[in-house]
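Listing of start_3.cif; format and content: mmCIF, C-alpha atoms.
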```cif
data_work
#
loop_
_atom_site.label_atom_id
_atom_site.label_comp_id
_atom_site.auth_asym_id
_atom_site.auth_seq_id
_atom_site.Cartn_x
_atom_site.Cartn_y
_atom_site.Cartn_z
CA MET A 657 -4.75 -1.92 35.54
CA LYS A 658 -7.72 -4.19 34.86
CA LEU A 659 -8.83 -4.00 31.24
CA HIS A 660 -12.51 -3.92 30.33
CA ARG A 661 -14.11 -3.37 26.92
CA ARG A 662 -15.42 -0.04 28.17
CA THR A 663 -12.18 1.08 29.84
CA LEU A 664 -11.93 4.88 30.09
CA LEU A 665 -8.86 7.03 30.55
CA ARG A 666 -9.68 9.83 32.99
CA ALA A 667 -7.95 13.12 33.66
CA ALA A 668 -8.95 16.59 34.80
CA GLY A 669 -12.61 15.62 34.97
CA VAL A 670 -12.65 14.37 31.36
CA ALA A 671 -13.16 10.74 30.33
CA VAL A 672 -11.74 9.52 27.03
CA ALA A 673 -13.08 6.17 25.78
CA LEU A 674 -10.54 3.76 24.33
CA PRO A 675 -11.19 1.99 21.04
CA LEU A 676 -12.58 -1.54 21.26
CA PHE A 677 -9.73 -4.02 20.94
CA ASP A 678 -11.45 -6.50 18.65
CA ALA A 679 -9.74 -5.77 15.32
CA ILE A 680 -6.43 -4.47 14.05
CA VAL A 681 -6.77 -1.44 11.83
CA PRO A 682 -3.85 -0.87 9.46
CA LYS A 683 -2.11 2.40 9.97
CA ARG A 684 -2.68 5.09 7.40
CA ALA A 685 0.47 6.13 5.66
CA ARG A 686 0.98 9.83 6.02
CA GLY A 687 2.73 12.03 3.55
CA GLU A 688 4.14 15.50 3.82
CA ASP A 689 3.90 18.42 1.44
CA LYS A 690 7.51 19.47 0.88
CA LYS A 691 6.85 22.07 -1.77
CA ASN A 692 7.43 25.67 -0.88
CA THR A 693 4.79 26.95 -3.29
CA PRO A 694 1.29 26.99 -1.74
CA ARG A 695 -1.07 24.77 -3.72
CA ARG A 696 -4.80 24.84 -3.15
CA MET A 697 -7.96 22.94 -4.04
CA VAL A 698 -11.61 24.00 -4.29
CA CYS A 699 -14.30 21.34 -4.90
CA ILE A 700 -17.78 22.49 -5.94
CA ASN A 701 -20.90 20.37 -6.29
CA THR A 702 -24.05 21.54 -8.03
CA PRO A 703 -26.46 18.89 -6.74
CA LEU A 704 -29.07 19.00 -9.52
CA GLY A 705 -26.58 18.45 -12.32
CA VAL A 706 -26.31 20.42 -15.54
CA HIS A 707 -28.09 19.69 -18.80
CA PRO A 708 -25.66 17.38 -20.65
CA ALA A 709 -26.54 18.60 -24.15
CA TYR A 710 -25.54 22.17 -23.24
CA PHE A 711 -22.46 21.23 -21.21
CA PHE A 712 -20.50 18.58 -23.09
CA PRO A 713 -18.81 19.48 -26.40
CA LYS A 714 -19.59 17.34 -29.43
CA ASP A 715 -15.91 17.07 -30.40
CA THR A 716 -12.99 15.76 -28.38
CA GLY A 717 -9.35 16.77 -28.08
CA ARG A 718 -8.01 20.32 -28.27
CA ASP A 719 -9.89 21.61 -31.29
CA TYR A 720 -13.38 21.06 -29.91
CA GLU A 721 -16.13 23.63 -30.39
CA LEU A 722 -17.26 25.18 -27.13
CA SER A 723 -20.68 24.05 -25.93
CA PRO A 724 -23.30 26.67 -24.94
CA TYR A 725 -22.31 26.47 -21.27
CA LEU A 726 -18.56 26.36 -21.92
CA GLU A 727 -18.88 29.40 -24.21
CA VAL A 728 -19.29 31.37 -20.97
CA PHE A 729 -15.65 30.48 -20.13
CA LYS A 730 -14.13 31.15 -23.56
CA GLU A 731 -11.54 33.58 -22.16
CA PHE A 732 -10.27 30.69 -19.99
CA ARG A 733 -10.22 28.07 -22.74
CA GLU A 734 -6.53 27.28 -22.15
CA GLN A 735 -7.02 27.21 -18.38
CA PHE A 736 -9.68 24.54 -18.04
CA THR A 737 -10.34 20.97 -19.14
CA VAL A 738 -13.81 19.55 -19.67
CA ILE A 739 -13.99 15.82 -18.97
CA SER A 740 -16.74 13.43 -20.03
CA GLY A 741 -17.39 9.77 -19.32
CA LEU A 742 -16.38 9.67 -15.63
CA SER A 743 -18.44 8.33 -12.73
CA HIS A 744 -18.10 6.64 -9.37
CA PRO A 745 -18.43 2.83 -9.70
CA ASP A 746 -21.10 1.18 -7.54
CA VAL A 747 -22.87 4.45 -6.76
CA GLY A 748 -26.51 4.07 -7.79
CA PRO A 749 -28.87 6.59 -9.42
CA SER A 750 -30.23 8.64 -6.53
CA HIS A 751 -29.98 12.06 -4.90
CA ASP A 752 -28.21 10.19 -2.11
CA SER A 753 -25.21 9.97 -4.45
CA ASN A 754 -24.43 13.42 -3.06
CA GLN A 755 -22.95 11.68 0.00
CA SER A 756 -20.37 9.90 -2.14
CA PHE A 757 -19.50 12.87 -4.34
CA LEU A 758 -16.06 13.42 -2.77
CA THR A 759 -15.63 9.97 -1.19
CA SER A 760 -16.69 7.44 -3.88
CA ALA A 761 -18.11 5.18 -1.13
CA PRO A 762 -20.34 2.54 -2.76
CA HIS A 763 -24.14 2.32 -2.64
CA PRO A 764 -25.29 5.41 -0.75
CA GLU A 765 -28.67 4.87 -2.42
CA ARG A 766 -29.27 1.82 -0.21
CA ARG A 767 -29.27 4.06 2.87
CA ALA A 768 -29.63 1.23 5.39
CA GLY A 769 -26.17 -0.06 6.18
CA PHE A 770 -24.38 2.59 4.11
CA LYS A 771 -21.08 3.65 5.60
CA ASN A 772 -19.24 6.56 4.10
CA SER A 773 -15.49 7.03 3.89
CA ILE A 774 -13.13 9.99 4.02
CA SER A 775 -13.71 12.84 1.60
CA LEU A 776 -11.06 14.23 -0.71
CA ASP A 777 -10.56 17.47 1.23
CA GLN A 778 -10.21 15.72 4.60
CA PHE A 779 -7.73 13.23 3.14
CA ALA A 780 -5.64 16.15 1.90
CA ALA A 781 -6.04 18.02 5.19
CA ALA A 782 -4.37 15.17 7.09
CA HIS A 783 -1.18 16.00 5.14
CA LEU A 784 -1.42 19.79 5.31
CA TYR A 785 -2.48 20.45 8.91
CA GLY A 786 -0.85 23.46 10.51
CA GLN A 787 0.12 25.24 7.31
CA THR A 788 -2.95 27.49 7.43
CA ARG A 789 -5.22 28.80 10.17
CA PHE A 790 -8.03 26.55 8.94
CA ALA A 791 -7.11 23.17 7.47
CA THR A 792 -10.35 23.01 5.49
CA LEU A 793 -13.41 25.16 4.90
CA PRO A 794 -16.52 22.98 4.42
CA LEU A 795 -19.21 25.33 3.07
CA SER A 796 -22.77 24.94 1.86
CA CYS A 797 -25.53 27.10 0.42
CA GLU A 798 -27.99 24.84 2.22
CA GLY A 799 -28.08 21.82 4.48
CA SER A 800 -25.30 19.28 4.68
CA GLY A 801 -21.98 19.62 2.94
CA LEU A 802 -19.45 17.46 1.12
CA ALA A 803 -16.85 16.72 3.81
CA TRP A 804 -16.60 13.40 5.69
CA THR A 805 -14.14 12.12 8.27
CA LYS A 806 -12.07 8.94 7.85
CA SER A 807 -14.66 7.15 10.02
CA GLY A 808 -17.44 8.22 7.66
CA ALA A 809 -19.01 10.90 9.84
CA PRO A 810 -20.14 14.21 8.29
CA VAL A 811 -17.88 17.16 9.03
CA PRO A 812 -19.82 20.16 10.41
CA THR A 813 -20.49 22.53 7.54
CA GLU A 814 -20.80 26.31 7.54
CA ASP A 815 -23.89 27.75 5.84
CA ARG A 816 -23.62 31.41 6.98
CA PRO A 817 -21.03 33.48 5.08
CA SER A 818 -21.14 36.21 7.74
CA GLY A 819 -20.05 33.72 10.40
CA VAL A 820 -17.23 32.36 8.26
CA PHE A 821 -16.01 35.89 7.52
CA ALA A 822 -15.90 36.57 11.26
CA LYS A 823 -13.89 33.40 11.90
CA LEU A 824 -11.46 34.27 9.12
CA PHE A 825 -10.94 38.00 9.62
CA LEU A 826 -12.54 39.45 12.77
CA GLU A 827 -10.69 39.43 16.08
CA GLY A 828 -12.74 38.51 19.15
CA ARG A 829 -12.99 40.55 22.32
CA PRO A 830 -10.01 40.18 24.68
CA ASP A 831 -12.03 37.98 27.07
CA GLU A 832 -13.06 35.72 24.16
CA VAL A 833 -9.45 35.37 23.02
CA GLN A 834 -8.33 34.50 26.58
CA ALA A 835 -11.13 31.95 26.97
CA GLN A 836 -10.08 30.27 23.74
CA ALA A 837 -6.46 30.13 24.95
CA ARG A 838 -7.60 28.49 28.22
CA ARG A 839 -9.63 25.88 26.33
CA LEU A 840 -6.62 24.99 24.21
CA ALA A 841 -4.33 24.76 27.25
CA ASP A 842 -6.86 22.61 29.13
CA GLY A 843 -7.13 20.28 26.16
CA GLN A 844 -3.39 19.75 26.09
CA SER A 845 -3.16 19.10 29.85
CA VAL A 846 -5.92 16.46 29.61
CA LEU A 847 -4.11 14.72 26.76
CA ASP A 848 -0.88 14.64 28.78
CA ALA A 849 -2.60 12.87 31.67
CA VAL A 850 -4.47 10.45 29.44
CA ARG A 851 -1.28 9.57 27.60
CA ASP A 852 0.46 8.57 30.86
CA GLN A 853 -2.42 6.27 31.82
CA ALA A 854 -2.51 4.74 28.38
CA LYS A 855 1.16 3.80 28.58
CA LYS A 856 0.47 1.87 31.79
CA LEU A 857 -2.41 0.11 30.07
CA GLU A 858 -0.10 -1.01 27.28
CA ARG A 859 1.64 -3.51 29.59
CA ASN A 860 -1.62 -5.43 30.20
CA ILE A 861 -2.68 -6.23 26.63
CA GLY A 862 -1.57 -8.63 23.92
CA ALA A 863 0.50 -7.94 20.83
CA GLY A 864 -2.48 -7.48 18.52
CA ASP A 865 -4.23 -5.04 20.82
CA ARG A 866 -0.92 -3.29 21.42
CA GLU A 867 -0.84 -2.44 17.73
CA LYS A 868 -4.40 -1.17 18.03
CA LEU A 869 -3.39 0.93 21.03
CA ASP A 870 -0.36 2.24 19.16
CA GLU A 871 -2.70 3.49 16.48
CA TYR A 872 -4.72 5.16 19.20
CA PHE A 873 -1.56 6.79 20.57
CA THR A 874 -0.91 8.08 17.07
CA SER A 875 -4.36 9.67 17.03
CA VAL A 876 -3.69 11.25 20.44
CA ARG A 877 -0.37 12.63 19.22
CA GLU A 878 -2.04 14.02 16.09
CA LEU A 879 -4.64 15.72 18.27
CA GLU A 880 -1.89 17.16 20.45
CA GLN A 881 -0.20 18.53 17.35
CA ARG A 882 -3.44 20.07 16.15
CA LEU A 883 -4.04 21.66 19.54
CA ALA A 884 -0.53 23.09 19.46
CA GLN A 885 -1.12 24.41 15.96
CA ALA A 886 -4.46 25.90 17.00
CA GLU A 887 -2.76 27.59 19.96
CA MET A 888 -0.07 28.96 17.66
CA TRP A 889 -2.63 30.38 15.24
CA SER A 890 -4.71 31.81 18.10
CA LYS A 891 -1.74 34.03 19.03
CA ARG A 892 -1.32 35.38 15.52
CA PRO A 893 -3.42 38.31 14.35
CA LYS A 894 -5.94 37.50 11.68
CA PRO A 895 -5.33 38.92 8.19
CA LYS A 896 -6.79 42.31 7.38
CA VAL A 897 -8.90 42.52 4.23
CA ASN A 898 -10.41 45.45 2.40
CA ALA A 899 -13.88 43.94 2.49
CA LYS A 900 -16.97 44.28 4.63
CA GLN A 901 -18.56 41.37 6.44
CA PRO A 902 -21.06 39.89 3.96
CA THR A 903 -24.78 39.92 4.51
CA ASP A 904 -26.30 36.45 4.46
CA VAL A 905 -28.78 35.93 1.63
CA ARG A 906 -32.13 35.29 3.31
CA ASN A 907 -34.00 34.15 0.21
CA SER A 908 -33.69 30.35 0.37
CA ALA A 909 -34.33 30.09 -3.39
CA ASP A 910 -31.66 32.62 -4.46
CA LEU A 911 -29.06 30.17 -5.75
CA ILE A 912 -27.18 32.88 -7.67
CA GLY A 913 -27.03 35.33 -4.76
CA LYS A 914 -25.87 32.64 -2.33
CA SER A 915 -23.25 31.37 -4.77
CA ARG A 916 -21.80 34.84 -5.38
CA VAL A 917 -21.35 35.53 -1.68
CA TRP A 918 -19.60 32.22 -1.12
CA PHE A 919 -17.30 32.63 -4.13
CA ASP A 920 -16.29 36.11 -2.94
CA LEU A 921 -15.50 34.71 0.50
CA ILE A 922 -13.59 31.69 -0.86
CA HIS A 923 -11.48 34.06 -2.94
CA LEU A 924 -10.61 36.06 0.20
CA ALA A 925 -9.78 32.89 2.14
CA LEU A 926 -7.42 31.68 -0.58
CA GLN A 927 -5.91 35.12 -1.16
CA THR A 928 -5.02 35.46 2.53
CA ASP A 929 -3.88 31.81 2.72
CA SER A 930 -6.35 31.26 5.55
CA SER A 931 -7.15 27.84 4.08
CA ARG A 932 -6.02 25.85 1.06
CA LEU A 933 -8.81 23.28 0.96
CA VAL A 934 -12.41 24.36 0.35
CA THR A 935 -15.59 22.42 -0.44
CA LEU A 936 -18.81 24.11 -1.50
CA GLN A 937 -22.25 22.61 -1.87
CA LEU A 938 -24.33 24.80 -4.17
CA LEU A 939 -28.07 25.23 -3.90
CA GLY A 940 -30.49 22.63 -5.24
CA THR A 941 -33.90 23.95 -4.33
CA SER A 942 -37.48 23.17 -5.27
CA SER A 943 -38.38 26.86 -5.01
CA VAL A 944 -38.44 29.32 -7.88
CA PRO A 945 -35.16 31.27 -8.02
CA PRO A 946 -35.25 35.05 -8.59
CA ILE A 947 -33.89 34.87 -12.16
CA GLN A 948 -35.55 36.71 -15.02
CA GLY A 949 -37.12 34.23 -17.43
CA VAL A 950 -37.46 31.47 -14.81
CA SER A 951 -40.93 30.76 -13.40
CA GLN A 952 -40.53 27.20 -12.07
CA GLY A 953 -38.49 25.61 -9.31
CA HIS A 954 -34.93 24.49 -9.97
CA HIS A 955 -35.67 20.88 -9.01
CA ASP A 956 -38.70 20.72 -11.28
CA LEU A 957 -36.75 22.18 -14.21
CA SER A 958 -33.85 19.77 -13.73
CA HIS A 959 -36.33 16.85 -13.82
CA HIS A 960 -37.72 18.14 -17.09
CA GLY A 961 -38.70 14.86 -18.78
CA GLN A 962 -37.57 16.39 -22.11
CA ASP A 963 -40.22 19.11 -21.90
CA PRO A 964 -38.79 21.81 -24.24
CA GLN A 965 -40.25 24.71 -22.21
CA LYS A 966 -38.66 23.42 -19.02
CA ILE A 967 -35.33 22.83 -20.76
CA ALA A 968 -35.40 26.41 -22.09
CA GLN A 969 -35.86 27.78 -18.55
CA LEU A 970 -33.26 25.38 -17.20
CA LYS A 971 -30.77 26.77 -19.72
CA VAL A 972 -31.42 30.32 -18.51
CA LEU A 973 -30.88 29.23 -14.90
CA GLU A 974 -27.75 27.19 -15.55
CA LEU A 975 -26.15 29.89 -17.69
CA GLU A 976 -26.48 32.25 -14.72
CA LYS A 977 -24.85 29.61 -12.55
CA MET A 978 -21.96 29.34 -15.02
CA ARG A 979 -21.52 33.11 -14.99
CA THR A 980 -21.08 33.11 -11.21
CA LEU A 981 -18.36 30.49 -11.62
CA LEU A 982 -16.77 32.61 -14.36
CA THR A 983 -16.53 35.56 -11.95
CA PHE A 984 -14.76 33.30 -9.45
CA PHE A 985 -12.26 32.24 -12.13
CA GLN A 986 -11.65 35.90 -12.97
CA GLN A 987 -11.02 36.74 -9.31
CA LEU A 988 -8.45 33.94 -9.02
CA ARG A 989 -6.78 34.87 -12.30
CA ASP A 990 -6.49 38.55 -11.38
CA THR A 991 -5.00 37.86 -7.94
CA LYS A 992 -1.22 37.48 -8.06
CA GLU A 993 1.01 35.62 -5.63
CA ASP A 994 4.78 35.69 -6.15
CA GLY A 995 4.31 36.37 -9.86
CA GLU A 996 1.76 33.60 -10.42
CA SER A 997 -1.99 33.89 -10.54
CA LEU A 998 -4.02 32.36 -7.75
CA LEU A 999 -5.80 30.32 -10.42
CA ASP A 1000 -2.51 28.69 -11.45
CA ARG A 1001 -2.00 27.67 -7.84
CA THR A 1002 -5.56 26.48 -7.23
CA VAL A 1003 -7.18 23.33 -8.59
CA VAL A 1004 -10.88 24.11 -9.09
CA PHE A 1005 -13.11 21.05 -9.52
CA PHE A 1006 -16.71 21.75 -10.57
CA SER A 1007 -19.11 18.87 -11.06
CA SER A 1008 -22.33 17.25 -9.86
CA ASN A 1009 -23.22 14.04 -8.10
CA LEU A 1010 -25.96 13.63 -10.75
CA ALA A 1011 -25.01 13.36 -14.39
CA ASP A 1012 -28.54 13.87 -15.70
CA ALA A 1013 -31.00 14.86 -12.99
CA SER A 1014 -33.97 14.22 -15.28
CA LYS A 1015 -33.06 10.52 -15.28
CA HIS A 1016 -31.36 10.45 -11.86
CA SER A 1017 -28.40 9.15 -13.81
CA VAL A 1018 -24.96 9.07 -12.21
CA LYS A 1019 -23.11 7.98 -15.36
CA ASN A 1020 -21.02 10.55 -17.25
CA MET A 1021 -20.82 13.17 -14.52
CA PRO A 1022 -20.19 16.72 -15.81
CA VAL A 1023 -16.62 17.69 -14.91
CA LEU A 1024 -14.96 21.07 -15.37
CA LEU A 1025 -11.41 21.23 -14.04
CA ALA A 1026 -9.68 24.61 -13.99
CA GLY A 1027 -6.37 26.02 -12.80
CA GLY A 1028 -3.80 24.12 -10.77
CA ASN A 1029 -1.10 24.32 -13.46
CA PHE A 1030 -2.50 21.40 -15.45
CA ASN A 1031 -2.01 21.33 -19.21
CA HIS A 1032 -5.55 22.44 -20.00
CA GLY A 1033 -7.36 23.38 -23.20
CA GLN A 1034 -8.96 20.06 -24.12
CA HIS A 1035 -12.08 17.94 -23.99
CA LEU A 1036 -10.83 14.76 -22.35
CA ALA A 1037 -13.41 12.14 -23.27
CA PHE A 1038 -13.86 8.59 -21.98
CA ASP A 1039 -16.36 5.87 -22.87
CA GLU A 1040 -18.90 6.03 -20.04
CA ASN A 1041 -19.38 2.24 -20.29
CA LYS A 1042 -15.63 1.61 -19.93
CA ASP A 1043 -14.84 4.64 -17.89
CA PRO A 1044 -12.03 5.05 -15.39
CA PRO A 1045 -13.38 5.96 -11.94
CA LEU A 1046 -13.75 9.62 -11.09
CA SER A 1047 -11.38 8.96 -8.19
CA ASN A 1048 -8.54 8.67 -10.71
CA LEU A 1049 -9.00 12.39 -11.27
CA PHE A 1050 -8.97 12.87 -7.50
CA VAL A 1051 -5.55 11.18 -7.29
CA SER A 1052 -4.23 13.53 -9.99
CA MET A 1053 -5.64 16.49 -8.06
CA LEU A 1054 -4.08 15.34 -4.80
CA GLN A 1055 -0.67 14.94 -6.40
CA GLN A 1056 -0.93 18.39 -7.94
CA VAL A 1057 -1.48 20.01 -4.54
CA GLY A 1058 1.58 18.21 -3.18
CA ILE A 1059 0.01 15.12 -1.59
CA PRO A 1060 2.07 11.97 -2.32
CA ALA A 1061 -1.00 9.80 -2.92
CA ASP A 1062 -1.29 6.98 -5.43
CA LYS A 1063 -4.69 5.73 -4.23
CA PHE A 1064 -7.96 7.31 -3.17
CA GLY A 1065 -11.37 5.69 -2.90
CA SER A 1066 -12.11 3.55 -5.96
CA SER A 1067 -9.14 4.82 -7.97
CA THR A 1068 -6.95 2.63 -10.14
CA GLY A 1069 -4.26 5.27 -10.73
CA THR A 1070 -4.08 8.82 -12.03
CA LEU A 1071 -6.31 10.08 -14.86
CA THR A 1072 -4.91 9.21 -18.26
CA GLY A 1073 -4.49 12.21 -20.56
CA LEU A 1074 -4.36 14.84 -17.83
CA GLU A 1075 -0.83 16.22 -17.80
CA ILE A 1076 1.05 18.86 -15.84
CA ARG A 1077 1.93 22.08 -17.65
CA GLY A 1078 5.61 22.20 -18.51
#
```
Produce C-alpha cells that represent the structure in this file.
Amino acid sequence: MKLHRRTLLRAAGVAVALPLFDAIVPKRARGEDKKNTPRRMVCINTPLGVHPAYFFPKDTGRDYELSPYLEVFKEFREQFTVISGLSHPDVGPSHDSNQSFLTSAPHPERRAGFKNSISLDQFAAAHLYGQTRFATLPLSCEGSGLAWTKSGAPVPTEDRPSGVFAKLFLEGRPDEVQAQARRLADGQSVLDAVRDQAKKLERNIGAGDREKLDEYFTSVRELEQRLAQAEMWSKRPKPKVNAKQPTDVRNSADLIGKSRVWFDLIHLALQTDSSRLVTLQLLGTSSVPPIQGVSQGHHDLSHHGQDPQKIAQLKVLELEKMRTLLTFFQQLRDTKEDGESLLDRTVVFFSSNLADASKHSVKNMPVLLAGGNFNHGQHLAFDENKDPPLSNLFVSMLQQVGIPADKFGSSTGTLTGLEIRG
C-alpha cells in the first residue's frame, strides 16, 4: 500500500481519513471506575457572575456567618462548602473566559490562535463510558455550552428541555428504533473493514508513525466499544418516569423559568441513572427578566459600576437564581438511592467564569460546592494573589466520582483543605 499524507481507509462507501503522521502524540492513560456505588457530577456556570459582596462570607473556617446569598441555603449548611480565592491561571478578564470555565485552557480572551482543551465532564466520560445510556448531558439555557472534546472542539449542546426529555424517556416508533439499530450495525461493519486495511498499512510505515497509528487504532477500538454500548442501550427500554414532557420556555429573558425546567430534568436524569455527568450553562441575557422588582437587563445590572440602584436590583435577581438552585438541592436530598440521598452521591459545582462581571474580573471566582460526600460546612478561603488553580478542585471532584486522576488542566494537585467525609 502506497502511503500518502492524505491516505484514506475506505469501506462500505465510507472514507475515514488517517491522522497526519508528522508528530507522536503521547497516549492518554485511561482509568476505570471500580466502585460499585454510582457517583455523579453536575457542573453549573452562571456566566454573568454573582455580586461578590453578597456571596462571599466575611469570616473563614466553620464558624462563618452566612452571607446574604448563602443564607438561602442555610438548611444545607453542613452539605456545602463555599470557596474563595480560586481562579484559572493565564485566563484573562473577558466574557470569552466562558470557554475555559471547565477546561482551564489559557488565554481564551486572545481569540486568534486560541485552542481549547478537554472539559472536565468529557475527561470523566472517557472513564465512565457505557455505565449509563448517555455518558454526558451537555445542556444550556442559551447558545453554546461548557463541554469540549480532547481536541478542543465544542461538544454539541442541548438547549431544548423537551427534546432532552424525549431522548431520555420517550420510546421512538418501531421504524425509528429499527433505523437506529441499522445505523449502529452499519457503523460497526465499516469499522471492521477499515481496521483490516489499517493493519496492512502498518507494515509500510516507520516506528514513530507506527506509534501514531497505534494511537489511531486505540481510537477506532474505543469507537467500536461505544457503538457496541450504544447498540446495547438501544435494546433496553427507557426508564419510565411520573413526569410529563416539559414545555420549553419561549421567553428568551426568563432565566428563572429556564433554570427551573433544566434542574427538574437534571434531577430526573440522575434519579434514573440515565447519565452521571451533566453540564449546564445558565442564562446571561441583556434582556429584562420577568422578575418582580427588576426593570433592567441582567447584563446591564451585572455591569453596575457600583450604582446602588443597579446593585439593589441585581440582588433581587440573583437571590431568585439562588432559590432555583436551592430547589435542586432539595430534590437531590429528598431522593434516596440504596439508603443514601442523591445529593450525597452527586458532586454539584456552581460557579461563574467571571468573578466580578462589573470589572470583567476573573480573579476570585465564586465557588459553591455541594454534595458528593465531602466534609462540608466551611468557608475554604485562599489568597487570590497566591491562589491554587481552580483545576485543583477539579482533580478533587474527579477523584470523588471514582476517576483515578492526579492531574487536570492547570492543576498542581488536589485542593488543600477539602476532605472526604468519614
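Take atom CA of His955 of chain A and atom CA of Ile922 of chain A: the distance between them is 25.9 Å.
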**Message:** Between A:His751, A:His960, A:Lys714, A:His783, which residue has the minimum interatomic distance to Pro1060 of chain A, considering only C-alpha atoms?
**Reply:** A:His783
**Proximity to Val1018 of chain A - best of A:Gln962, A:Ser743, A:Ser775, A:Asn701, all atoms listed in the file** =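 Looking at the shortest contact to Val1018 of chain A, the residue is A:Ser743.
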**Message:** Assuming the chain letters and numbering stay as they are in my file, what does the PyMOL selection byres ((chain A and resi 770) around 12) actually select? List them as an NGL selection string.
**Reply:** :A and (747 or 752-753 or 755-756 or 761-769 or 771-773 or 808-809)
**Message:** Calculated over only C-alpha atoms, which of the candidates A:Tyr725, A:Gln987, A:Gln948, A:Ala803 has the smallest distance to Pro1022 of chain A?
**Reply:** A:Tyr725
List the residues matched by the PyMOL selection byres ((chain A and resi 986) around 12) in the displayed structure as an mmCIF file with C-alpha atoms, in the coordinates of the input, ordered by chain and then by residue number.
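Resulting contents of expr_17.cif:
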```cif
data_model
loop_
_atom_site.group_PDB
_atom_site.id
_atom_site.type_symbol
_atom_site.label_atom_id
_atom_site.label_comp_id
_atom_site.auth_asym_id
_atom_site.auth_seq_id
_atom_site.Cartn_x
_atom_site.Cartn_y
_atom_site.Cartn_z
ATOM 1 C CA VAL A 728 -19.290 31.370 -20.970
ATOM 2 C CA PHE A 729 -15.650 30.480 -20.130
ATOM 3 C CA LYS A 730 -14.130 31.150 -23.560
ATOM 4 C CA GLU A 731 -11.540 33.580 -22.160
ATOM 5 C CA PHE A 732 -10.270 30.690 -19.990
ATOM 6 C CA GLN A 735 -7.020 27.210 -18.380
ATOM 7 C CA PHE A 919 -17.300 32.630 -4.130
ATOM 8 C CA ASP A 920 -16.290 36.110 -2.940
ATOM 9 C CA HIS A 923 -11.480 34.060 -2.940
ATOM 10 C CA ARG A 979 -21.520 33.110 -14.990
ATOM 11 C CA THR A 980 -21.080 33.110 -11.210
ATOM 12 C CA LEU A 981 -18.360 30.490 -11.620
ATOM 13 C CA LEU A 982 -16.770 32.610 -14.360
ATOM 14 C CA THR A 983 -16.530 35.560 -11.950
ATOM 15 C CA PHE A 984 -14.760 33.300 -9.450
ATOM 16 C CA PHE A 985 -12.260 32.240 -12.130
ATOM 17 C CA GLN A 987 -11.020 36.740 -9.310
ATOM 18 C CA LEU A 988 -8.450 33.940 -9.020
ATOM 19 C CA ARG A 989 -6.780 34.870 -12.300
ATOM 20 C CA ASP A 990 -6.490 38.550 -11.380
ATOM 21 C CA THR A 991 -5.000 37.860 -7.940
ATOM 22 C CA LYS A 992 -1.220 37.480 -8.060
ATOM 23 C CA SER A 997 -1.990 33.890 -10.540
ATOM 24 C CA LEU A 998 -4.020 32.360 -7.750
ATOM 25 C CA LEU A 999 -5.800 30.320 -10.420
ATOM 26 C CA ASP A 1000 -2.510 28.690 -11.450
ATOM 27 C CA ALA A 1026 -9.680 24.610 -13.990
ATOM 28 C CA GLY A 1027 -6.370 26.020 -12.800
#
```
Near Glu721 of chain A, within 12 Å and counting only C-alpha atoms, which residues show up once chain neighbours fewer than 4 positions away are dropped, as an mmCIF file with C-alpha atoms, in the coordinates of the input?
```cif
data_model
loop_
_atom_site.group_PDB
_atom_site.id
_atom_site.type_symbol
_atom_site.label_atom_id
_atom_site.label_comp_id
_atom_site.auth_asym_id
_atom_site.auth_seq_id
_atom_site.Cartn_x
_atom_site.Cartn_y
_atom_site.Cartn_z
ATOM 1 C CA TYR A 710 -25.540 22.170 -23.240
ATOM 2 C CA PHE A 711 -22.460 21.230 -21.210
ATOM 3 C CA PHE A 712 -20.500 18.580 -23.090
ATOM 4 C CA PRO A 713 -18.810 19.480 -26.400
ATOM 5 C CA LYS A 714 -19.590 17.340 -29.430
ATOM 6 C CA ASP A 715 -15.910 17.070 -30.400
ATOM 7 C CA THR A 716 -12.990 15.760 -28.380
ATOM 8 C CA GLY A 717 -9.350 16.770 -28.080
ATOM 9 C CA TYR A 725 -22.310 26.470 -21.270
ATOM 10 C CA LEU A 726 -18.560 26.360 -21.920
ATOM 11 C CA GLU A 727 -18.880 29.400 -24.210
ATOM 12 C CA LYS A 730 -14.130 31.150 -23.560
ATOM 13 C CA ARG A 733 -10.220 28.070 -22.740
ATOM 14 C CA VAL A 738 -13.810 19.550 -19.670
ATOM 15 C CA GLY A 1033 -7.360 23.380 -23.200
ATOM 16 C CA GLN A 1034 -8.960 20.060 -24.120
ATOM 17 C CA HIS A 1035 -12.080 17.940 -23.990
#
```
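Restricting the calculation to all atoms listed in the file, the smallest distance between Val1004 of chain A and any of A:Met1053, A:Leu1046, A:Val706, A:Leu1074 is found for A:Met1053.
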**Request:** Return the single residue from A:Leu857, A:Ile912, A:Val944, A:Ala925 that is closest to Glu976 of chain A, with distances computed using only C-alpha atoms.
**Result:**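 Ranking A:Leu857, A:Ile912, A:Val944, A:Ala925 by distance to Glu976 of chain A, first place goes to A:Ile912.
Candidate residues A:Ser760, A:Ser750, A:Gln1056, A:Gln787 were compared for distance to Ser931 of chain A, and the nearest is A:Gln787, using all atoms listed in the file.
We find atom CA of Val1057 of chain A and atom CA of Leu933 of chain A to be spaced 9.7 Å apart.
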**Asked** When you draw a straight line from atom CA of Lys900 of chain A to atom CA of Gly1028 of chain A, how long is it in Å?
**Response**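 Result for atom CA of Lys900 of chain A versus atom CA of Gly1028 of chain A: 28.6 Å, one decimal.
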**Residues selected by the PyMOL selection byres ((chain A and resi 1073) around 12), written as a list in words** = Gly717, Arg718, Thr737, Val738, Ile739, Phe1030, Asn1031, His1032, Gly1033, Gln1034, His1035, Leu1036, Ala1037, Phe1038, Pro1044, Asn1048, Leu1049, Ser1052, Thr1070, Leu1071, Thr1072, Leu1074, Glu1075 and Ile1076 of chain A
**Message:** Which residues are near Leu911 of chain A? Cut-off 10 Å, all atoms listed in the file, ignore same chain within fewer than 6 positions. Put them as JSON, numbers by chain.
**Reply:** {"A": [797, 798, 905, 938, 939, 940, 941, 943, 944, 945, 946, 947, 954, 973, 976, 977]}
**Request:** Extract, using only C-alpha atoms, all DNA, RNA and protein residues at most 10 Å from segment 819-821 of chain A, discarding same-chain residues fewer than 4 positions from it, and format them as a PyMOL selection string.
**Result:** chain A and resi 793+795+814-815+825-826+899-904+918+921-922+924-925
**Item:** Shell around Asn1041 of chain A at 12 Å using only C-alpha atoms, local window under 4 positions removed, as a PyMOL selection string
**Value:** chain A and resi 740-745+1018-1020+1037+1045
